[in-house]
Amino acid sequence: MTNQESTSPIHCYLDGFRHYVDFRGRTGRRGYWYFFLFNFLVTLVLGAVSGALVGAYVLAAFLPGLAVFVRRLHDADRSAWWILIGLIPLLGSIVLLVFLVTEGTRGENDHGPDPRLATDS
């Protein structure tokens with residue numbers, strides 16, 4: 001796992017695609033939100049060019065986005081099953097947003113080492 005807390009924003013974004021099927025481990029707040037921001041910006045730019053490009057990008061980014069989301073929940077020491085709370089209208093989205101913005105567990109938890117302390121392997 002890479003040290004996402006001390007890397008560049010573009011590295012956080014690309015790291016999400018490099019580990020697109022890795023649902024284990026943890027992603028810190030910085031890594032998650034930079035991935036989210038770049039996804040949003042790429043979608044806006046592609047939307048200005050073509051709707052078909054947006055559709056293709058959204059399909060390509062779905063699995064990496066889900067993996068980063070799950071690893072972010074793991075950083076907060078939550079199971080990936082918490083995603084299902086998002087099915088509850090409004091309340092579920094608020095709960096998930098709170099999980100995403102709160103600081104992750106300091107030190108190692110059940111899902112792996114702290115991404116702020118992990119080194120490149």
# chains A, B, ... in the order shown; residues from 1 in each chain; ligands from 1
$ select_by_dssp --residues "chain A" --states "helix (DSSP H, G or I)" --output "ChimeraX atom specification"
/A:4-6,9-18,29-49,51-75,80-87,91-101
$ residues_around --residues "segment 6-17 of chain A" --least-positions-apart "3" --cutoff "6 Å" --atoms "only C-alpha atoms" --output "list in words"
Tyr20, Gly31, Tyr34, Phe35 and Pro64 of chain A
$ residues_around --residues "segment 80-97 of chain A" --least-positions-apart "6" --cutoff "9 Å" --atoms "only C-alpha atoms" --output "ChimeraX atom specification"
/A:23,69-71,73-74
$ write_last_selection --atoms "C-alpha atoms" --output "compact mmCIF listing (two decimals), in the first residue's frame"
# COMPACT_ATOMS: atom_id res chain seq x y z
CA PHE A 23 -11.07 -3.95 -2.00
CA PHE A 69 -14.96 4.04 -1.49
CA VAL A 70 -14.70 0.64 0.23
CA ARG A 71 -11.10 1.28 1.27
CA LEU A 73 -14.83 2.94 4.77
CA HIS A 74 -12.14 0.53 5.93
$ atom_distance --atom1 "atom CA of Ala67 of chain A" --atom2 "atom CA of Asp22 of chain A"
6.2 Å
$ atom_distance --atom1 "atom CA of Ala56 of chain A" --atom2 "atom CA of Asn39 of chain A"
12.7 Å
$ closest_residue --among "A:Tyr57, A:Leu117, A:Tyr32, A:Val98" --to "Leu44 of chain A" --atoms "only C-alpha atoms"
A:Tyr57
$ closest_residue --among "A:Leu46, A:Arg30, A:Gly51, A:Val68" --to "Arg18 of chain A" --atoms "only C-alpha atoms"
A:Val68
